[in-house]
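> Structure file input.txt (compact mmCIF, C-alpha atoms) right here:
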```txt
# COMPACT_ATOMS: atom_id res chain seq x y z
CA MET A 1 56.32 147.76 141.12
CA LYS A 2 54.00 147.37 138.16
CA THR A 3 56.06 144.45 136.89
CA LEU A 4 56.11 142.84 140.34
CA ASN A 5 52.35 143.27 140.65
CA ASN A 6 51.84 141.62 137.26
CA ILE A 7 54.05 138.68 138.31
CA GLY A 8 52.20 138.41 141.62
CA CYS A 9 48.82 138.44 139.88
CA ALA A 10 50.01 135.70 137.54
CA LEU A 11 51.10 133.62 140.55
CA ILE A 12 47.93 133.80 142.61
CA GLY A 13 45.50 134.16 139.69
CA TRP A 14 44.20 137.66 140.41
CA ASP A 15 43.10 139.98 137.61
CA LYS A 16 45.49 142.91 137.45
CA ASN A 17 42.81 145.17 135.92
CA ILE A 18 40.45 144.60 138.83
CA LEU A 19 43.30 145.10 141.28
CA LYS A 20 44.01 148.53 139.80
CA GLU A 21 40.50 149.65 140.72
CA CYS A 22 40.81 148.42 144.30
CA GLY A 23 41.91 150.33 147.36
CA GLU A 24 44.71 149.86 149.87
CA ALA A 25 42.97 146.97 151.66
CA SER A 26 43.06 144.83 148.52
CA HIS A 27 46.70 145.70 147.87
CA ARG A 28 47.60 144.69 151.42
CA GLN A 29 45.65 141.44 150.99
CA PHE A 30 47.50 140.92 147.72
CA ARG A 31 50.89 141.41 149.37
CA LYS A 32 49.98 139.05 152.22
CA LEU A 33 48.96 136.33 149.78
CA ILE A 34 52.14 136.79 147.74
CA SER A 35 54.25 136.58 150.92
CA ALA A 36 52.48 133.40 152.03
CA ILE A 37 52.83 131.84 148.57
CA CYS A 38 56.54 132.70 148.43
CA ILE A 39 57.14 131.18 151.88
CA MET A 40 55.36 127.95 150.89
CA MET A 41 57.15 127.70 147.54
CA ILE A 42 60.58 128.29 149.08
CA LEU A 43 59.85 125.77 151.84
CA TRP A 44 58.64 123.03 149.52
CA GLY A 45 61.33 123.79 146.99
CA ALA A 46 63.89 123.02 149.70
CA ILE A 47 61.98 119.86 150.68
CA GLY A 48 61.83 118.72 147.05
CA TYR A 49 65.56 119.33 146.57
CA CYS A 50 66.44 117.36 149.74
CA PHE A 51 64.06 114.56 148.73
CA ALA A 52 65.65 114.27 145.28
CA ASP A 53 69.15 114.33 146.75
CA ARG A 54 68.65 111.84 149.60
CA TYR A 55 66.00 109.38 148.45
CA ILE A 56 65.76 109.45 144.65
CA ASN A 57 69.59 109.47 144.45
CA ILE A 58 69.70 112.03 141.65
CA GLU A 59 73.24 113.29 141.08
CA SER A 60 72.53 115.90 138.43
CA LEU A 61 72.08 119.40 139.88
CA VAL A 62 69.72 120.30 137.03
CA LEU A 63 67.41 117.36 137.80
CA LYS A 64 67.42 118.22 141.51
CA ILE A 65 66.37 121.76 140.68
CA CYS A 66 63.66 120.39 138.37
CA ILE A 67 62.28 118.24 141.20
CA ALA A 68 62.34 121.27 143.51
CA LEU A 69 60.47 123.35 140.91
CA MET A 70 57.92 120.57 140.51
CA PHE A 71 57.25 120.60 144.27
CA MET A 72 56.93 124.39 144.17
CA LEU A 73 54.47 124.19 141.28
CA ILE A 74 52.33 121.61 143.10
CA VAL A 75 52.15 123.82 146.20
CA LEU A 76 51.33 126.86 144.07
CA CYS A 77 48.47 125.02 142.36
CA VAL A 78 47.08 123.84 145.70
CA GLU A 79 47.18 127.35 147.16
CA ARG A 80 45.63 128.89 144.04
CA VAL A 81 42.61 126.63 144.51
CA ILE A 82 42.04 128.31 147.88
CA ILE A 83 42.83 131.82 146.69
CA LEU A 84 40.56 131.64 143.64
CA THR A 85 37.58 130.27 145.54
CA VAL A 86 34.66 132.70 145.46
CA GLY A 87 32.86 132.92 148.81
CA LYS A 88 33.37 130.40 151.60
CA ALA A 89 33.61 126.65 150.98
CA ARG A 90 33.44 124.72 154.25
CA LEU A 91 34.23 121.36 152.69
CA MET A 92 37.26 122.82 150.93
CA THR A 93 38.40 124.32 154.22
CA VAL A 94 38.23 120.93 155.92
CA MET A 95 40.08 119.25 153.08
CA ARG A 96 42.77 121.95 153.11
CA VAL A 97 43.30 121.50 156.85
CA MET A 98 43.67 117.73 156.41
CA LEU A 99 46.04 118.29 153.48
CA ALA A 100 48.04 120.74 155.59
CA LEU A 101 48.45 118.15 158.34
CA CYS A 102 49.65 115.54 155.84
CA MET A 103 52.06 117.95 154.16
CA ALA A 104 53.38 119.11 157.53
CA PHE A 105 53.98 115.52 158.59
CA LEU A 106 55.89 114.75 155.39
CA GLY A 107 57.91 117.94 155.62
CA ALA A 108 58.70 117.36 159.30
CA CYS A 109 59.86 113.81 158.55
CA ILE A 110 62.23 114.96 155.80
CA PHE A 111 63.59 117.86 157.85
CA ASP A 112 64.03 115.66 160.92
CA GLN A 113 65.98 113.11 158.91
CA ILE A 114 68.34 115.91 157.90
CA ILE A 115 68.57 117.54 161.34
CA PHE A 116 68.97 114.25 163.26
CA GLN A 117 71.20 112.73 160.58
CA ASN A 118 74.02 111.62 162.91
CA ASP A 119 71.64 110.13 165.47
CA ILE A 120 69.67 108.41 162.72
CA GLN A 121 72.82 106.91 161.20
CA GLN A 122 73.83 105.52 164.60
CA THR A 123 70.34 104.07 165.10
CA ILE A 124 70.43 102.50 161.63
CA HIS A 125 73.87 101.03 162.39
CA ASP A 126 72.63 99.52 165.67
CA ARG A 127 69.52 98.18 163.99
CA ARG A 128 71.56 96.63 161.21
CA GLU A 129 73.80 94.96 163.78
CA ASP A 130 70.69 93.28 165.20
CA VAL A 131 69.64 92.27 161.69
CA ILE A 132 73.13 90.86 161.08
CA GLN A 133 72.93 88.73 164.22
CA GLU A 134 69.45 87.45 163.36
CA THR A 135 70.38 86.69 159.75
CA THR A 136 73.63 85.00 160.79
CA ALA A 137 71.78 82.84 163.32
CA LYS A 138 69.22 81.76 160.70
CA ARG A 139 71.88 80.89 158.14
CA LEU A 140 73.94 79.04 160.74
CA MET A 141 70.88 76.93 161.50
CA VAL A 142 70.69 76.01 157.81
CA PHE A 143 74.42 75.18 157.74
CA ASN A 144 74.16 73.09 160.91
CA SER A 145 71.18 71.22 159.49
CA ASP A 146 73.07 70.43 156.28
CA ILE A 147 76.20 69.41 158.21
CA GLN A 148 74.14 67.15 160.48
CA ARG A 149 72.38 65.53 157.53
CA ILE A 150 75.59 64.91 155.58
CA THR A 151 77.40 63.67 158.70
CA HIS A 152 74.59 61.18 159.35
CA ASP A 153 74.74 59.93 155.75
CA LEU A 154 78.54 59.74 155.95
CA ASP A 155 78.48 57.71 159.17
CA SER A 156 75.92 55.29 157.74
CA LEU A 157 77.90 54.87 154.54
CA SER A 158 81.17 54.45 156.45
CA LYS A 159 79.71 51.68 158.59
CA SER A 160 78.41 49.80 155.55
CA THR A 161 81.77 50.33 153.81
CA ILE A 162 83.66 48.90 156.77
CA THR A 163 81.40 45.85 156.77
CA LEU A 164 81.89 45.54 153.03
CA GLY A 165 85.67 45.78 153.41
CA GLU A 166 85.72 43.06 156.05
CA GLU A 167 83.68 40.83 153.77
CA LEU A 168 86.09 41.46 150.89
CA ALA A 169 89.09 40.75 153.16
CA LYS A 170 87.64 37.34 153.92
CA HIS A 171 86.57 36.59 150.36
CA PRO A 172 88.62 38.60 147.87
CA THR A 173 87.59 36.17 145.14
CA ILE A 174 84.63 33.93 144.54
CA LYS A 175 84.31 30.69 142.66
CA SER A 176 82.44 30.70 139.41
CA VAL A 177 81.21 27.63 137.54
CA ASN A 178 81.44 27.81 133.76
CA VAL A 179 79.24 25.27 131.99
CA SER A 180 79.78 24.64 128.26
CA THR A 181 78.07 22.26 125.85
CA ILE A 182 79.86 20.78 122.82
CA GLU A 183 78.20 18.77 120.02
CA GLN A 184 80.26 15.88 118.53
CA ALA A 185 79.47 13.69 115.50
CA ILE A 186 79.47 9.93 116.29
CA GLY A 187 78.45 8.56 112.92
CA VAL A 188 75.42 8.42 110.63
CA ASP A 189 71.97 6.95 110.98
CA GLU A 190 70.09 4.60 108.67
CA ASN A 191 69.19 7.38 106.31
CA GLY A 192 72.75 8.66 106.12
CA ASN A 193 72.19 11.68 108.33
CA PRO A 194 74.98 12.49 110.81
CA LYS A 195 74.39 11.54 114.39
CA LYS A 196 75.47 14.06 117.03
CA VAL A 197 75.82 13.92 120.76
CA ARG A 198 76.10 16.81 123.24
CA ASN A 199 78.84 16.77 125.82
CA ARG A 200 78.56 19.15 128.77
CA SER A 201 81.74 20.30 130.48
CA THR A 202 81.97 22.11 133.80
CA GLU A 203 84.86 24.36 134.88
CA ILE A 204 85.34 26.02 138.25
CA VAL A 205 87.35 29.30 138.21
CA ASN A 206 88.16 32.03 140.74
CA ILE A 207 87.01 35.58 139.85
CA PRO A 208 87.30 38.89 141.77
CA ASN A 209 84.51 39.50 144.24
CA PRO A 210 81.91 41.84 142.60
CA LEU A 211 81.60 43.66 145.92
CA THR A 212 84.86 45.39 145.01
CA GLY A 213 82.96 47.69 142.63
CA GLN A 214 80.48 48.57 145.36
CA LEU A 215 83.38 49.28 147.74
CA ASN A 216 84.99 51.65 145.23
CA ALA A 217 81.66 53.45 144.68
CA ASN A 218 81.23 53.81 148.46
CA ASN A 219 84.72 55.24 148.83
CA GLU A 220 84.03 57.79 146.10
CA GLN A 221 80.78 58.80 147.79
CA ILE A 222 82.56 59.10 151.15
CA GLN A 223 85.13 61.40 149.59
CA LEU A 224 82.33 63.49 148.10
CA TYR A 225 80.63 63.79 151.51
CA GLN A 226 83.93 64.78 153.12
CA ASN A 227 84.48 67.50 150.51
CA GLN A 228 80.95 68.81 151.09
CA LEU A 229 81.49 68.88 154.84
CA GLU A 230 84.77 70.72 154.45
CA GLN A 231 83.14 73.30 152.18
CA LEU A 232 80.21 73.76 154.58
CA ARG A 233 82.55 74.23 157.54
CA GLN A 234 84.57 76.78 155.56
CA ASP A 235 81.43 78.67 154.52
CA LYS A 236 80.21 78.54 158.12
CA LYS A 237 83.37 80.30 159.27
CA GLU A 238 82.89 83.04 156.66
CA ILE A 239 79.13 83.50 157.09
CA ALA A 240 79.39 86.32 159.64
CA GLY A 241 81.65 88.41 157.39
CA LYS A 242 79.51 87.79 154.31
CA VAL A 243 76.29 88.73 156.11
CA THR A 244 77.93 91.86 157.55
CA ASP A 245 79.13 92.99 154.12
CA GLU A 246 75.75 92.18 152.59
CA ILE A 247 73.72 94.14 155.16
CA HIS A 248 76.03 97.16 155.30
CA SER A 249 76.23 97.40 151.51
CA ARG A 250 72.47 97.94 151.24
CA PRO A 251 71.51 101.54 150.40
CA VAL A 252 69.60 103.34 153.16
CA GLY A 253 65.98 103.72 152.11
CA PHE A 254 63.34 106.25 153.07
CA ILE A 255 61.35 103.76 155.19
CA GLU A 256 64.48 102.63 157.04
CA GLU A 257 65.40 106.23 157.84
CA LEU A 258 61.79 106.97 158.81
CA GLU A 259 61.74 104.07 161.27
CA ALA A 260 65.07 105.23 162.70
CA THR A 261 63.71 108.79 162.96
CA LEU A 262 60.65 107.63 164.89
CA LYS A 263 62.90 105.65 167.22
CA VAL A 264 65.17 108.66 167.80
CA VAL A 265 62.19 110.94 168.40
CA SER A 266 60.43 108.51 170.75
CA ASN A 267 63.54 107.76 172.83
CA SER A 268 64.12 111.36 173.97
CA TRP A 269 61.59 113.92 175.16
CA ILE A 270 63.83 116.71 173.87
CA SER A 271 63.74 115.36 170.32
CA LEU A 272 60.00 114.71 170.69
CA VAL A 273 59.35 118.32 171.73
CA PHE A 274 61.48 119.56 168.84
CA TYR A 275 59.54 117.38 166.39
CA ILE A 276 56.21 118.65 167.72
CA VAL A 277 57.39 122.25 167.45
CA LEU A 278 58.61 121.68 163.89
CA PHE A 279 55.37 119.89 162.98
CA CYS A 280 53.26 122.74 164.37
CA PHE A 281 55.45 125.31 162.62
CA LEU A 282 54.99 123.61 159.25
CA THR A 283 51.26 123.12 159.88
CA PHE A 284 50.76 126.81 160.62
CA LEU A 285 52.75 127.73 157.52
CA GLU A 286 50.55 125.41 155.47
CA LEU A 287 47.44 127.17 156.82
CA PHE A 288 48.76 130.68 156.09
CA VAL A 289 46.89 131.14 152.83
CA LEU A 290 43.77 129.43 154.20
CA THR A 291 43.55 131.76 157.21
CA ILE A 292 44.18 134.83 155.04
CA LYS A 293 41.52 133.77 152.54
CA MET A 294 38.93 132.49 154.99
CA GLY A 295 39.09 135.43 157.39
CA ASP A 296 35.94 137.28 158.40
CA SER A 297 36.80 140.55 156.62
CA LYS A 298 36.77 140.76 152.83
CA CYS A 299 38.74 143.19 150.73
CA ASP A 300 37.15 145.14 147.93
CA TYR A 301 38.76 142.79 145.36
CA ASP A 302 36.70 139.89 146.76
CA LEU A 303 33.62 142.12 146.88
CA ILE A 304 34.09 143.13 143.23
CA VAL A 305 34.49 139.49 142.13
CA GLU A 306 31.43 138.40 144.13
CA ASN A 307 29.45 141.37 142.80
CA GLN A 308 30.38 140.47 139.24
CA LEU A 309 29.25 136.93 139.94
CA LYS A 310 25.90 138.16 141.28
CA LEU A 311 25.40 140.51 138.34
CA LYS A 312 26.20 137.75 135.90
CA LYS A 313 23.85 135.37 137.68
CA ASN A 314 21.03 137.96 137.75
CA LEU A 315 21.58 138.69 134.07
CA MET A 316 21.36 135.02 133.21
CA ASP A 317 18.18 134.64 135.31
CA GLN A 318 16.58 137.64 133.60
CA THR A 319 17.54 136.31 130.19
CA ALA A 320 16.05 132.93 131.03
CA GLN A 321 12.81 134.54 132.24
CA SER A 322 12.55 136.69 129.10
CA MET A 323 12.98 133.63 126.94
CA MET A 324 10.26 131.79 128.88
CA VAL A 325 7.88 134.76 128.42
CA ASN A 326 8.56 134.96 124.70
CA ILE A 327 7.97 131.25 124.36
CA ALA A 328 4.66 131.53 126.27
CA VAL A 329 3.50 134.40 124.06
```
Please express what this file holds, its structure, as C-alpha cells.


Amino acid sequence: MKTLNNIGCALIGWDKNILKECGEASHRQFRKLISAICIMMILWGAIGYCFADRYINIESLVLKICIALMFMLIVLCVERVIILTVGKARLMTVMRVMLALCMAFLGACIFDQIIFQNDIQQTIHDRREDVIQETTAKRLMVFNSDIQRITHDLDSLSKSTITLGEELAKHPTIKSVNVSTIEQAIGVDENGNPKKVRNRSTEIVNIPNPLTGQLNANNEQIQLYQNQLEQLRQDKKEIAGKVTDEIHSRPVGFIEELEATLKVVSNSWISLVFYIVLFCFLTFLELFVLTIKMGDSKCDYDLIVENQLKLKKNLMDQTAQSMMVNIAV
C-alpha cells in the first residue's frame, strides 16, 4: 500500500509526507481522486488508440500505444491543474466545464463512429453514390461541350472541303504564263561596242491547281477531328466507371465520417437519444475531478496546504514590515 500511495501521490501531485499526517478523510479524498484520474486516463487512452488506428492510419502497435499514452498524459496534466489548485478558482471552474464539454463532444464523436460503424459506412456509400452522379454529370457536360465544338468545326471544314473538291474537279489544272527575256547581239556601234537587243518570249503551260495542297491539308485536319471525336466518345462511355473507381478509392477521412455520423444520429431518435446519453456520460466523467475538488467540504490535507500558505504569507508580511522598520530607523 505504501508503494501504491507513493505512485498515487506522484500522479496527482500530492505530498506523501503531508498525507501521512492526515486522517481518514484525506485518505478517502486521495482514493477518490486516484479513481477519477484512472477512469479518465483509461478512457482517453482508449480514445487515443482508436484515433491513431482509424484516422492517423498508424499500423505500428508501438506507435498506437504511444499516441494513447500521450492522450493519457494530456488528461493527467489537465486534471492535476484542478487538483493542485489551492482554494477555489471560479474562472478555472468555468474553463474546466467548457473544456469538459469539448472533450466529451470529441470523445462521443469518436465512440459513435466506432459504435455506428456499419450504419456510417452505408451512409458514406450512399453519399458517395450521389457524389459520383454529380461528378459524372459535370464531366459529361464538359465532354458534350467538346464534342459539340469539334463537330461544329468538322462540319464547317467538311463543307469548305466539298466546295474545294468541286472546284478542283472542274479545274484540276490552271494555265500559267511564263515570260522570259533573252538578249541577242546584233552588231557593234560606231565606237566598236556590241549592240544588244532584248527579245521577250511568252509560254503558256498547264500546272496543277494549287488548291490541291489546301484540299490535302483539309483532309488531314478532318481526319484529326474524327480521331478526336472517336476518342471523346470512347472516354465518354468509360467516364462513369472511372469516376466510380476514383471516388471509391478515396480513403475515408475524419470529417467525412463525422458528417455521416451526424446524419445517422439526426435521422433516428433512437440514435439521437443514445448519443445524448453517451455525451452526458462522458461529460459527467470529465467533471469527476472538478466536483470532487470543488466540493463544499475540505479534507485536512487541503486545510494543511492552505494553512501552510497562510503561514508563509504572514511570515513574508512580517519580514517585509521588519525591513521597513529597520530602514526607517

> Do you have the CA of Met323 (chain A)-CA of Leu311 (chain A) distance handy?

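These two atoms are separated by 18.2 Å.
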
> What does the structure give for the distance between CA of Gly48 (chain A) and CA of Asp126 (chain A), in Å to one decimal?

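About the pair CA of Gly48 (chain A) and CA of Asp126 (chain A): they are 28.8 Å apart.
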
> Tell me which residues come within 12 Å of (66.1, 112.9, 169.2), as a ChimeraX atom specification, counting all atoms listed in the file in the file's coordinates.

/A:112-120,122-123,260-276

> Which residues are near Asn216 (chain A)? Cut-off 12 Å, only C-alpha atoms, ignore same chain within fewer than 6 positions. Put them as an MDAnalysis selection string.

chainID A and resid 161:162 164:165 168 210 222:223

> I need the residues from that last selection saved to file as an mmCIF file, in the frame of the given file (with C-alpha atoms), if you can.


```cif
data_model
loop_
_atom_site.group_PDB
_atom_site.id
_atom_site.type_symbol
_atom_site.label_atom_id
_atom_site.label_comp_id
_atom_site.auth_asym_id
_atom_site.auth_seq_id
_atom_site.Cartn_x
_atom_site.Cartn_y
_atom_site.Cartn_z
ATOM 1 C CA THR A 161 81.770 50.330 153.810
ATOM 2 C CA ILE A 162 83.660 48.900 156.770
ATOM 3 C CA LEU A 164 81.890 45.540 153.030
ATOM 4 C CA GLY A 165 85.670 45.780 153.410
ATOM 5 C CA LEU A 168 86.090 41.460 150.890
ATOM 6 C CA PRO A 210 81.910 41.840 142.600
ATOM 7 C CA ILE A 222 82.560 59.100 151.150
ATOM 8 C CA GLN A 223 85.130 61.400 149.590
#
```

> Go through A:Ala100, A:Ala46, A:Ile83, A:Leu290 one by one, measure the shortest atom-to-atom distance of each to Ala68 (chain A) using all atoms listed in the file, and give the residue with the smallest value.

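For Ala68 (chain A), the nearest of the given residues is A:Ala46.
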
> Provide the CA of Leu69 (chain A) to CA of Gln29 (chain A) distance in Å, to one decimal place.

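CA of Gln29 (chain A) lies 25.5 Å from CA of Leu69 (chain A).
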
> Please determine, counting only C-alpha atoms, which residue among A:Thr151, A:Ser35, A:Ser249, A:Ser60 has the shortest atom-to-atom distance to Ile132 (chain A).

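Counting only C-alpha atoms, the residue closest to Ile132 (chain A) is A:Ser249.
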
> Excluding region 3-20 of chain A and any residue of its chain fewer than 4 positions from it, enumerate the residues within 10 Å of it, using only C-alpha atoms, and give them as a PyMOL selection string.

chain A and resi 24+26-27+30-31+33-35+37-38+76-77+79-84+300-302+304-305

> Of the candidates A:Thr85, A:Leu232, A:Thr212, A:Glu257, which one gets nearest to Gln148 (chain A) if we count all atoms listed in the file?

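Of A:Thr85, A:Leu232, A:Thr212, A:Glu257, the one nearest Gln148 (chain A) is A:Leu232, counting all atoms listed in the file.
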
> Measuring between only C-alpha atoms, which one of A:Arg149, A:Arg128, A:Arg96, A:Arg233 shows the shortest distance to His248 (chain A)?

A:Arg128
